[in-house]
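For reference, data_20.txt is printed below; it contains compact mmCIF, C-alpha atoms.
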```txt
# COMPACT_ATOMS: atom_id res chain seq x y z
CA MET A 1 0.00 0.00 0.00
CA LYS A 2 1.26 3.48 -0.90
CA ARG A 3 1.42 6.05 1.90
CA VAL A 4 0.91 9.61 0.73
CA LYS A 5 1.06 13.04 2.29
CA ILE A 6 -1.27 15.73 0.99
CA ILE A 7 -0.32 19.28 1.93
CA GLY A 8 -3.32 21.61 1.97
CA ALA A 9 -6.81 20.75 3.27
CA GLY A 10 -8.74 22.94 0.84
CA SER A 11 -10.92 21.77 -2.03
CA ILE A 12 -8.05 20.14 -3.96
CA GLY A 13 -6.73 18.40 -0.85
CA ASN A 14 -10.13 16.81 -0.28
CA HIS A 15 -10.42 15.70 -3.91
CA LEU A 16 -6.96 14.14 -3.79
CA SER A 17 -7.63 12.47 -0.43
CA ASN A 18 -10.76 10.81 -1.80
CA ALA A 19 -8.98 9.76 -4.99
CA CYS A 20 -6.07 8.20 -3.12
CA ARG A 21 -8.38 6.36 -0.75
CA ASN A 22 -10.36 5.12 -3.77
CA ILE A 23 -7.33 3.08 -4.86
CA GLY A 24 -6.45 1.96 -1.35
CA TRP A 25 -3.63 4.36 -0.46
CA LYS A 26 -3.02 5.50 3.11
CA VAL A 27 -3.57 9.26 3.36
CA ASP A 28 -2.09 11.79 5.77
CA LEU A 29 -3.70 15.19 5.10
CA CYS A 30 -2.08 18.23 6.67
CA ASP A 31 -2.56 21.97 6.85
CA SER A 32 -1.15 24.88 8.86
CA ASP A 33 -4.72 26.05 9.62
CA SER A 34 -6.61 24.05 12.27
CA ASP A 35 -9.90 25.50 10.98
CA ALA A 36 -9.19 24.01 7.55
CA LEU A 37 -8.68 20.56 9.06
CA GLU A 38 -11.90 20.85 11.06
CA ARG A 39 -13.76 22.04 7.95
CA THR A 40 -12.44 19.06 6.01
CA LYS A 41 -13.70 16.50 8.52
CA LYS A 42 -17.03 18.12 9.38
CA LEU A 43 -18.06 19.82 6.11
CA ILE A 44 -16.17 19.37 2.85
CA TYR A 45 -15.44 15.65 2.73
CA PRO A 46 -18.80 14.39 4.11
CA SER A 47 -20.81 16.73 1.86
CA ARG A 48 -18.99 15.50 -1.24
CA TYR A 49 -18.50 11.82 -0.55
CA GLY A 50 -21.28 10.93 1.89
CA LYS A 51 -19.31 10.50 5.09
CA TRP A 52 -15.89 11.08 6.63
CA ASP A 53 -13.27 8.41 5.97
CA ASN A 54 -11.63 7.47 9.26
CA GLU A 55 -8.66 6.02 7.36
CA ILE A 56 -7.58 9.59 6.55
CA SER A 57 -5.28 10.99 9.24
CA LEU A 58 -5.31 14.74 9.85
CA PHE A 59 -2.20 16.63 10.96
CA ASN A 60 -1.08 20.14 11.61
CA MET A 61 1.91 20.96 9.38
CA ASN A 62 4.13 21.18 12.47
CA ASN A 63 3.27 17.65 13.58
CA VAL A 64 2.93 15.67 10.35
CA PRO A 65 5.39 12.76 9.98
CA ARG A 66 8.39 13.17 7.68
CA GLY A 67 10.37 10.84 5.49
CA CYS A 68 7.86 7.98 5.28
CA TYR A 69 5.90 8.78 2.12
CA ASP A 70 5.85 7.32 -1.38
CA ILE A 71 4.17 10.41 -2.85
CA ILE A 72 3.80 13.97 -1.55
CA PHE A 73 0.99 16.05 -3.05
CA ILE A 74 1.12 19.83 -2.76
CA GLY A 75 -2.35 21.38 -2.94
CA THR A 76 -1.72 24.85 -1.53
CA PRO A 77 -1.79 28.26 -3.29
CA PRO A 78 0.65 28.61 -6.24
CA ASP A 79 2.92 31.09 -4.49
CA THR A 80 3.78 28.40 -1.91
CA HIS A 81 4.34 25.48 -4.31
CA VAL A 82 8.03 25.78 -5.09
CA GLY A 83 9.07 26.37 -1.48
CA LEU A 84 7.08 23.38 -0.22
CA ALA A 85 8.36 21.18 -3.03
CA LEU A 86 11.97 22.10 -2.23
CA LYS A 87 11.40 21.21 1.44
CA SER A 88 9.75 17.93 0.42
CA ILE A 89 12.82 16.77 -1.50
CA SER A 90 14.63 16.09 1.78
CA GLU A 91 11.96 13.49 2.66
CA LYS A 92 13.05 11.46 -0.38
CA PRO A 93 9.62 10.39 -1.67
CA LYS A 94 9.33 8.44 -4.92
CA ALA A 95 7.32 11.30 -6.42
CA ILE A 96 6.04 14.82 -5.79
CA CYS A 97 2.86 16.10 -7.44
CA ILE A 98 2.16 19.84 -7.42
CA GLU A 99 -1.28 21.28 -8.09
CA LYS A 100 -1.55 23.56 -11.13
CA PRO A 101 -0.26 26.11 -11.88
CA VAL A 102 3.26 25.21 -10.78
CA CYS A 103 4.17 28.64 -9.44
CA GLU A 104 3.83 32.40 -9.95
CA PRO A 105 4.40 33.94 -13.39
CA ASP A 106 7.80 35.31 -12.32
CA LEU A 107 9.08 31.67 -12.41
CA LYS A 108 11.21 32.30 -9.32
CA ASN A 109 13.24 29.23 -8.28
CA LEU A 110 11.51 26.99 -10.85
CA SER A 111 14.78 25.98 -12.56
CA ASN A 112 16.35 25.31 -9.17
CA LEU A 113 13.45 23.03 -8.17
CA ILE A 114 13.64 21.01 -11.38
CA ASP A 115 17.42 20.63 -11.09
CA LYS A 116 17.18 19.37 -7.49
CA LEU A 117 14.39 16.92 -8.31
CA ARG A 118 16.48 15.48 -11.15
CA LYS A 119 19.60 15.20 -8.99
CA ASN A 120 17.63 13.38 -6.30
CA LYS A 121 15.91 11.16 -8.91
CA ILE A 122 12.45 12.08 -7.65
CA LEU A 123 9.63 11.81 -10.19
CA SER A 124 7.55 14.99 -10.38
CA PHE A 125 4.15 15.89 -11.76
CA VAL A 126 1.64 18.74 -12.03
CA GLY A 127 -2.10 18.24 -11.51
CA TYR A 128 -3.36 18.98 -15.02
CA ASP A 129 -5.94 16.22 -14.72
CA HIS A 130 -7.89 17.01 -17.91
CA VAL A 131 -5.13 15.66 -20.11
CA VAL A 132 -5.19 12.22 -18.44
CA GLY A 133 -8.98 11.94 -18.48
CA ASP A 134 -10.55 9.16 -20.55
CA ALA A 135 -11.91 11.49 -23.23
CA ALA A 136 -8.64 13.40 -23.73
CA GLN A 137 -6.69 10.14 -23.85
CA PHE A 138 -9.05 8.77 -26.49
CA ALA A 139 -8.66 11.98 -28.53
CA SER A 140 -4.90 11.61 -28.12
CA LYS A 141 -4.93 8.20 -29.79
CA ILE A 142 -6.68 9.67 -32.82
CA ALA A 143 -4.38 12.70 -32.91
CA LYS A 144 -1.28 10.49 -32.97
CA ARG A 145 -2.33 9.27 -36.43
CA LEU A 146 -2.23 12.78 -37.89
CA LYS A 147 0.68 14.27 -39.80
CA LEU A 148 1.67 17.85 -39.08
CA LYS A 149 1.35 18.84 -42.76
CA ASP A 150 -2.33 17.90 -42.65
CA ILE A 151 -3.19 20.18 -39.70
CA GLN A 152 -4.47 23.71 -40.24
CA TYR A 153 -4.61 24.86 -36.62
CA ILE A 154 -5.56 23.92 -33.06
CA GLU A 155 -7.87 25.99 -30.88
CA ILE A 156 -8.75 25.55 -27.23
CA GLU A 157 -11.06 27.38 -24.89
CA ILE A 158 -11.50 27.02 -21.14
CA LYS A 159 -14.28 29.48 -20.44
CA GLU A 160 -15.67 29.12 -16.94
CA HIS A 161 -17.05 31.62 -14.47
CA TRP A 162 -15.18 31.16 -11.24
CA GLU A 163 -18.31 31.11 -9.11
CA GLY A 164 -17.83 27.33 -9.21
CA ILE A 165 -14.52 27.74 -7.44
CA PHE A 166 -16.05 29.92 -4.74
CA ASN A 167 -19.01 27.56 -4.35
CA ALA A 168 -16.41 24.88 -3.56
CA HIS A 169 -14.73 27.29 -1.12
CA PRO A 170 -17.69 28.85 0.76
CA TRP A 171 -15.34 30.14 3.46
CA LEU A 172 -13.96 32.64 0.90
CA ASP A 173 -15.92 35.84 0.23
CA GLY A 174 -14.44 36.33 -3.22
CA PRO A 175 -11.21 36.57 -5.24
CA SER A 176 -9.63 39.15 -2.95
CA ASP A 177 -9.68 36.57 -0.12
CA SER A 178 -7.12 34.32 -1.83
CA TYR A 179 -4.43 34.15 -4.51
CA LEU A 180 -7.18 33.92 -7.16
CA GLY A 181 -7.58 37.69 -7.35
CA PHE A 182 -3.89 38.36 -8.00
CA TYR A 183 -2.19 37.27 -11.21
CA LYS A 184 1.28 37.78 -9.73
CA ARG A 185 0.44 35.11 -7.12
CA GLY A 186 -0.74 32.63 -9.74
CA GLY A 187 -4.39 33.68 -9.90
CA GLY A 188 -6.52 35.05 -12.72
CA ALA A 189 -7.74 33.37 -15.90
CA CYS A 190 -4.39 32.65 -17.53
CA SER A 191 -3.04 30.72 -14.54
CA GLU A 192 -6.16 29.30 -12.88
CA HIS A 193 -7.60 27.97 -16.15
CA SER A 194 -4.22 27.06 -17.67
CA HIS A 195 -5.61 23.62 -18.53
CA GLY A 196 -6.14 25.27 -21.93
CA ILE A 197 -2.46 26.04 -22.44
CA ASN A 198 -1.48 22.62 -21.11
CA LEU A 199 -3.90 20.78 -23.40
CA LEU A 200 -2.60 22.67 -26.42
CA GLN A 201 0.97 21.76 -25.53
CA HIS A 202 -0.05 18.11 -25.20
CA PHE A 203 -1.78 17.86 -28.56
CA ALA A 204 0.83 19.97 -30.35
CA SER A 205 3.48 17.57 -29.09
CA LEU A 206 1.49 14.54 -30.26
CA VAL A 207 1.25 15.82 -33.83
CA GLY A 208 4.92 16.84 -34.02
CA ALA A 209 4.37 20.61 -33.87
CA GLY A 210 6.88 21.10 -31.04
CA LYS A 211 6.62 23.46 -28.10
CA ILE A 212 4.97 26.88 -28.07
CA SER A 213 7.73 29.28 -29.11
CA LYS A 214 5.96 32.62 -29.68
CA VAL A 215 3.13 34.18 -27.71
CA SER A 216 0.92 37.16 -28.49
CA ALA A 217 -1.63 37.80 -25.75
CA ILE A 218 -4.38 40.27 -24.93
CA HIS A 219 -5.59 40.17 -21.32
CA SER A 220 -8.42 42.09 -19.71
CA TYR A 221 -7.18 42.98 -16.22
CA VAL A 222 -9.24 43.96 -13.20
CA LYS A 223 -7.14 46.24 -11.03
CA THR A 224 -8.41 47.86 -7.82
CA LYS A 225 -6.97 48.52 -4.36
CA SER A 226 -7.74 44.92 -3.38
CA LEU A 227 -7.49 43.05 -6.72
CA ASN A 228 -5.18 42.65 -9.70
CA TYR A 229 -6.09 39.77 -12.00
CA ASP A 230 -6.85 38.93 -15.62
CA LYS A 231 -10.50 38.04 -16.14
CA ILE A 232 -9.99 37.25 -19.85
CA SER A 233 -6.85 35.72 -21.38
CA SER A 234 -6.66 35.47 -25.17
CA LEU A 235 -3.51 33.97 -26.70
CA ASN A 236 -2.36 33.51 -30.27
CA VAL A 237 0.67 31.24 -30.30
CA ILE A 238 3.08 29.71 -32.79
CA THR A 239 4.85 26.41 -32.17
CA GLU A 240 8.46 25.54 -32.96
CA LYS A 241 7.34 23.93 -36.23
CA GLY A 242 5.24 26.94 -37.25
CA LEU A 243 1.73 25.77 -36.32
CA ASN A 244 -0.60 28.67 -35.50
CA CYS A 245 -2.94 28.06 -32.56
CA ARG A 246 -5.39 29.93 -30.37
CA ILE A 247 -6.09 29.63 -26.62
CA PHE A 248 -8.92 31.47 -24.87
CA GLN A 249 -9.41 31.28 -21.10
CA ASP A 250 -11.65 33.33 -18.82
CA VAL A 251 -13.32 33.46 -15.41
CA VAL A 252 -16.56 35.14 -16.58
CA THR A 253 -18.43 32.74 -18.91
CA LYS A 254 -21.69 31.06 -17.89
CA PRO A 255 -22.48 28.32 -18.75
CA THR A 256 -19.01 26.79 -18.87
CA SER A 257 -17.44 25.86 -22.20
CA LYS A 258 -14.34 23.65 -22.30
CA ARG A 259 -13.31 22.39 -25.71
CA MET A 260 -10.35 21.57 -27.93
CA LYS A 261 -10.46 21.30 -31.73
CA ILE A 262 -7.80 20.19 -34.16
CA VAL A 263 -8.78 21.31 -37.66
CA THR A 264 -7.24 19.29 -40.49
CA ASN A 265 -7.30 19.65 -44.27
CA ASP A 266 -10.35 17.39 -44.52
CA GLY A 267 -11.72 16.93 -41.03
CA PHE A 268 -11.32 17.57 -37.31
CA ILE A 269 -10.95 16.11 -33.83
CA GLU A 270 -12.91 17.77 -31.03
CA TRP A 271 -12.79 17.22 -27.26
CA LEU A 272 -15.70 18.54 -25.20
CA CYS A 273 -15.54 18.53 -21.40
CA ASN A 274 -18.90 18.23 -19.61
CA TYR A 275 -20.83 18.83 -22.80
CA LYS A 276 -23.65 17.24 -20.78
CA LYS A 277 -23.78 16.76 -17.02
CA ASP A 278 -21.08 14.25 -16.07
CA ILE A 279 -20.37 13.38 -19.70
CA ASP A 280 -17.36 14.28 -21.85
CA MET A 281 -17.39 13.69 -25.58
CA VAL A 282 -14.95 13.28 -28.45
CA SER A 283 -16.10 13.78 -32.03
CA TRP A 284 -14.00 13.35 -35.15
CA LYS A 285 -14.43 13.34 -38.91
CA GLN A 286 -12.88 10.40 -40.69
CA LYS A 287 -13.42 9.50 -44.35
CA LYS A 288 -16.31 12.01 -44.58
CA ILE A 289 -18.06 10.37 -41.60
CA ILE A 290 -18.51 12.22 -38.31
CA ASN A 291 -18.07 9.93 -35.31
CA LYS A 292 -18.94 10.61 -31.66
CA LYS A 293 -18.03 8.85 -28.44
CA GLU A 294 -19.26 9.74 -24.95
CA PHE A 295 -17.40 9.23 -21.68
CA LYS A 296 -19.31 9.20 -18.39
CA LYS A 297 -17.47 10.68 -15.45
CA THR A 298 -17.95 12.61 -12.22
CA ARG A 299 -15.83 15.38 -10.75
CA ALA A 300 -14.30 12.81 -8.39
CA ASP A 301 -13.29 10.71 -11.41
CA ASP A 302 -11.03 13.54 -12.65
CA PHE A 303 -8.80 13.06 -9.61
CA ILE A 304 -9.17 9.28 -9.45
CA ASN A 305 -7.88 9.08 -13.04
CA GLU A 306 -5.01 11.36 -12.08
CA VAL A 307 -3.82 9.23 -9.16
CA LYS A 308 -4.28 6.02 -11.17
CA HIS A 309 -2.10 7.58 -13.85
CA LEU A 310 0.57 8.44 -11.28
CA LYS A 311 0.45 4.90 -9.92
CA ASN A 312 1.07 3.44 -13.40
CA VAL A 313 3.82 5.90 -14.31
CA ILE A 314 5.70 5.34 -11.04
CA ARG A 315 5.42 1.57 -11.41
CA LYS A 316 6.49 1.49 -15.07
CA LYS A 317 8.79 4.55 -14.90
CA SER A 318 7.19 5.72 -18.13
CA LEU A 319 6.78 9.19 -19.61
CA SER A 320 3.83 11.30 -18.48
CA PRO A 321 1.90 14.15 -20.12
CA ILE A 322 1.56 15.71 -16.65
CA SER A 323 5.26 15.68 -15.83
CA LEU A 324 6.69 18.69 -14.01
CA GLU A 325 8.70 19.55 -17.12
CA ARG A 326 5.47 19.85 -19.14
CA GLY A 327 3.87 21.86 -16.35
CA ALA A 328 6.93 24.12 -16.24
CA ASP A 329 6.57 24.69 -19.99
CA THR A 330 2.98 25.73 -19.29
CA MET A 331 4.32 28.25 -16.77
CA MET A 332 6.69 29.62 -19.43
CA VAL A 333 3.69 30.33 -21.65
CA ILE A 334 1.72 31.90 -18.77
CA SER A 335 4.67 34.16 -17.97
CA ALA A 336 5.12 35.05 -21.64
CA ALA A 337 1.41 35.80 -22.00
CA HIS A 338 1.40 38.35 -19.17
CA LYS A 339 4.52 40.03 -20.56
CA SER A 340 3.06 40.09 -24.05
CA SER A 341 -0.20 41.64 -22.91
CA LEU A 342 1.42 44.24 -20.64
CA LEU A 343 4.01 45.26 -23.25
CA ASN A 344 1.77 44.77 -26.30
CA LYS A 345 4.50 42.72 -28.04
CA TYR A 346 5.20 39.19 -29.20
CA VAL A 347 7.26 37.25 -26.67
CA THR A 348 9.66 34.54 -27.82
CA ILE A 349 10.40 31.57 -25.54
CA ASN A 350 13.81 29.89 -25.62
CA TYR A 351 13.59 26.63 -23.67
CA LYS A 352 17.33 25.97 -23.90
CA LYS A 353 18.17 28.71 -21.40
CA GLY A 354 16.20 27.39 -18.43
CA TYR A 355 12.85 28.46 -17.11
CA LYS A 356 13.00 32.17 -17.82
CA LEU A 357 11.95 34.42 -20.67
CA THR A 358 14.76 35.20 -23.07
CA SER A 359 13.59 37.79 -25.57
CA ILE A 360 10.82 40.16 -26.52
CA SER A 361 10.24 41.02 -30.17
```

Take the structure from the file and write it as structure tokens.
Amino acid sequence: MKRVKIIGAGSIGNHLSNACRNIGWKVDLCDSDSDALERTKKLIYPSRYGKWDNEISLFNMNNVPRGCYDIIFIGTPPDTHVGLALKSISEKPKAICIEKPVCEPDLKNLSNLIDKLRKNKILSFVGYDHVVGDAAQFASKIAKRLKLKDIQYIEIEIKEHWEGIFNAHPWLDGPSDSYLGFYKRGGGACSEHSHGINLLQHFASLVGAGKISKVSAIHSYVKTKSLNYDKISSLNVITEKGLNCRIFQDVVTKPTSKRMKIVTNDGFIEWLCNYKKDIDMVSWKQKKIINKKEFKKTRADDFINEVKHLKNVIRKKSLSPISLERGADTMMVISAAHKSSLLNKYVTINYKKGYKLTSIS
């Protein structure tokens, strides 16, 4: 049985705890806030999953065991991720999984974290669970058959009003109460809904288009005395092999729309998340015939699929689309997007010089 530590008893920490228990792992959930631990046991977990699971052990951060875990999950705000991950390396787990986004857009200490994880031979991941969902994986199998020369473009949108986030965090009064209302802390549309950027990177890689190398972004920022975030993030990007793509993410759209479409010379592949309640769908045109396949799932399944994926990757030591390196590339695009929007210029990303921006053109 795997023993895991989950840092952060907020919404993500509860989702991950349930997912790990679903596959029989021993869970130690910890937080620096005693109220958060009480809320987990009395409110969040029972309301979502029917009752509290007594096999989950709750700890204050100061008292949680150290050095006995196979996997450490970090489910705290983005501006704490890198520091907690660096501290976790000394515990020598088999793997560390950080919730998305990896860090703040300034990318501080990101290269250092990746270097230390590699030196200590610790596997590392980022919680971009959409890409390992059943529907996205099915779409991936179809996309692998495509040749880059046959693709016109890829477009992705993650348009979702963030009232859903605050409904899941009723103890917060709004975005100013957390990192969500501050893009420099890893909040706002570009970071919080960066599943869109991550999905584009995944599918671009599958079809041989390479990484995103140029970013042109227009953000709509909300800036007041108590807030500074992007409510709309619109990106036009070019990959290393010259494929033009579009990514649109926001925190204002109701009802939610999450979709990815690869447009080819004579057809398409489309992924739709929650196109009906608890159902994802993939549609694709092949030999003039439009095909559709539905995938039933619940919100809990998103995280169960994620931890099952981690279990398989750790056991087989195989490559993962949610590796920290891929998540760090997503952060490079987030950082480039904010710079592009604020400076009104294209930003070029050079991945050979570490996790920092290298030029503006």

What's the separation between CA of Ala300 in chain A and CA of Asp129 in chain A, in Å to one decimal place? 11.0 Å

Of the candidates A:Ile269, A:Ala36, A:Val82, A:Cys30, which shows the shortest atom-to-atom distance to Asn62 in chain A, using all atoms listed in the file?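 Among the listed residues, A:Cys30 lies closest to Asn62 in chain A.
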
What's around Gly354 in chain A at 10 Å? Count all atoms listed in the file, leave out sequence neighbours fewer than 3 positions away in its own chain, and write the answer as an mmCIF file with C-alpha atoms, in the frame of the given file.
```
data_model
loop_
_atom_site.group_PDB
_atom_site.id
_atom_site.type_symbol
_atom_site.label_atom_id
_atom_site.label_comp_id
_atom_site.auth_asym_id
_atom_site.auth_seq_id
_atom_site.Cartn_x
_atom_site.Cartn_y
_atom_site.Cartn_z
ATOM 1 C CA LEU A 110 11.510 26.990 -10.850
ATOM 2 C CA SER A 111 14.780 25.980 -12.560
ATOM 3 C CA ASN A 112 16.350 25.310 -9.170
ATOM 4 C CA ILE A 114 13.640 21.010 -11.380
ATOM 5 C CA MET A 332 6.690 29.620 -19.430
ATOM 6 C CA ASN A 350 13.810 29.890 -25.620
ATOM 7 C CA TYR A 351 13.590 26.630 -23.670
ATOM 8 C CA LEU A 357 11.950 34.420 -20.670
ATOM 9 C CA THR A 358 14.760 35.200 -23.070
#
```

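Residues in contact with Leu342 in chain A at up to 10 Å, not including ones fewer than 3 positions away on its chain and judged by all atoms listed in the file, are Ala217, Ile218, His219, Tyr221, Ala336, Ala337, His338, Lys339 and Lys345 of chain A.
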
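Near Leu148 in chain A, within 8 Å and counting all atoms listed in the file, sit Ile151, Val207, Gly208 and Ala209 of chain A, not including residues fewer than 3 positions from it in the same chain.
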
For Ile142 in chain A, list every protein, DNA or RNA residue within 12 Å, evaluated using only C-alpha atoms, and leave out those in the same chain fewer than 3 positions away; present the list as a VMD selection string. chain A and resid 135 to 139 145 to 147 203 206 to 207 262 268 to 271 282 to 286 291

Excluding range 301-314 of chain A and any residue of its chain fewer than 5 positions from it, enumerate the residues within 10 Å of it, using only C-alpha atoms, and give them as a PDB file with C-alpha atoms, in the frame of the given file.
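To be explicit, this is the file written out as selection_24.pdb:
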```pdb
ATOM      1  CA  LYS A   2       1.260   3.480  -0.900  1.00  0.00           C
ATOM      2  CA  ILE A  12      -8.050  20.140  -3.960  1.00  0.00           C
ATOM      3  CA  HIS A  15     -10.420  15.700  -3.910  1.00  0.00           C
ATOM      4  CA  LEU A  16      -6.960  14.140  -3.790  1.00  0.00           C
ATOM      5  CA  SER A  17      -7.630  12.470  -0.430  1.00  0.00           C
ATOM      6  CA  ASN A  18     -10.760  10.810  -1.800  1.00  0.00           C
ATOM      7  CA  ALA A  19      -8.980   9.760  -4.990  1.00  0.00           C
ATOM      8  CA  CYS A  20      -6.070   8.200  -3.120  1.00  0.00           C
ATOM      9  CA  ARG A  21      -8.380   6.360  -0.750  1.00  0.00           C
ATOM     10  CA  ASN A  22     -10.360   5.120  -3.770  1.00  0.00           C
ATOM     11  CA  ILE A  23      -7.330   3.080  -4.860  1.00  0.00           C
ATOM     12  CA  TRP A  25      -3.630   4.360  -0.460  1.00  0.00           C
ATOM     13  CA  ASP A  70       5.850   7.320  -1.380  1.00  0.00           C
ATOM     14  CA  ILE A  71       4.170  10.410  -2.850  1.00  0.00           C
ATOM     15  CA  LYS A  94       9.330   8.440  -4.920  1.00  0.00           C
ATOM     16  CA  ALA A  95       7.320  11.300  -6.420  1.00  0.00           C
ATOM     17  CA  CYS A  97       2.860  16.100  -7.440  1.00  0.00           C
ATOM     18  CA  LEU A 123       9.630  11.810 -10.190  1.00  0.00           C
ATOM     19  CA  SER A 124       7.550  14.990 -10.380  1.00  0.00           C
ATOM     20  CA  PHE A 125       4.150  15.890 -11.760  1.00  0.00           C
ATOM     21  CA  VAL A 126       1.640  18.740 -12.030  1.00  0.00           C
ATOM     22  CA  GLY A 127      -2.100  18.240 -11.510  1.00  0.00           C
ATOM     23  CA  TYR A 128      -3.360  18.980 -15.020  1.00  0.00           C
ATOM     24  CA  ASP A 129      -5.940  16.220 -14.720  1.00  0.00           C
ATOM     25  CA  HIS A 130      -7.890  17.010 -17.910  1.00  0.00           C
ATOM     26  CA  VAL A 131      -5.130  15.660 -20.110  1.00  0.00           C
ATOM     27  CA  VAL A 132      -5.190  12.220 -18.440  1.00  0.00           C
ATOM     28  CA  GLY A 133      -8.980  11.940 -18.480  1.00  0.00           C
ATOM     29  CA  ASP A 134     -10.550   9.160 -20.550  1.00  0.00           C
ATOM     30  CA  ASP A 278     -21.080  14.250 -16.070  1.00  0.00           C
ATOM     31  CA  LYS A 296     -19.310   9.200 -18.390  1.00  0.00           C
ATOM     32  CA  LEU A 319       6.780   9.190 -19.610  1.00  0.00           C
ATOM     33  CA  SER A 320       3.830  11.300 -18.480  1.00  0.00           C
ATOM     34  CA  PRO A 321       1.900  14.150 -20.120  1.00  0.00           C
ATOM     35  CA  ILE A 322       1.560  15.710 -16.650  1.00  0.00           C
ATOM     36  CA  SER A 323       5.260  15.680 -15.830  1.00  0.00           C
TER      37      SER A 323
END
```

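Distances here use only C-alpha atoms; by that measure, the residue among A:Val215, A:Asn228, A:Leu43, A:Tyr153 closest to Ser341 in chain A is A:Val215.
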
State, in Å with one decimal place, the distance from CA of Lys316 in chain A to CA of Ile72 in chain A.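 Computing it gives 18.6 Å between the two atoms.
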
Restricting to all atoms listed in the file, whichever of A:Lys149, A:His193, A:Lys353, A:Lys92 is closest to Ile122 in chain A is A:Lys92

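With CA of Asn109 in chain A on one side and CA of Leu180 in chain A on the other, the separation reads 21.0 Å.
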
Option closest in space to Leu107 in chain A, from A:Val222, A:Gly186, A:Ser213, A:Lys231 [counting all atoms listed in the file]: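 Of A:Val222, A:Gly186, A:Ser213, A:Lys231, the one nearest Leu107 in chain A is A:Gly186, counting all atoms listed in the file.
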
Compare A:Ile74, A:Asn54, A:Glu240, A:Phe295 by their minimum atom-to-atom distance to Ile349 in chain A, counting all atoms listed in the file, and give me the closest one.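 With all atoms listed in the file as the atom set, the closest residue is A:Glu240.
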
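Considering all atoms listed in the file, the residue among A:Thr76, A:Ser318, A:Ser216, A:Asn63 positioned nearest to Ala9 in chain A is A:Thr76.
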
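Residues with any atom within 12 Å of the point (-12.3, 11.2, 8.5), counting all atoms listed in the file, are Asn14, Ser17, Asn18, Arg21, Val27, Asp28, Leu29, Leu37, Glu38, Arg39, Thr40, Lys41, Lys42, Leu43, Ile44, Tyr45, Pro46, Tyr49, Gly50, Lys51, Trp52, Asp53, Asn54, Glu55, Ile56, Ser57, Leu58 and Phe59 of chain A.
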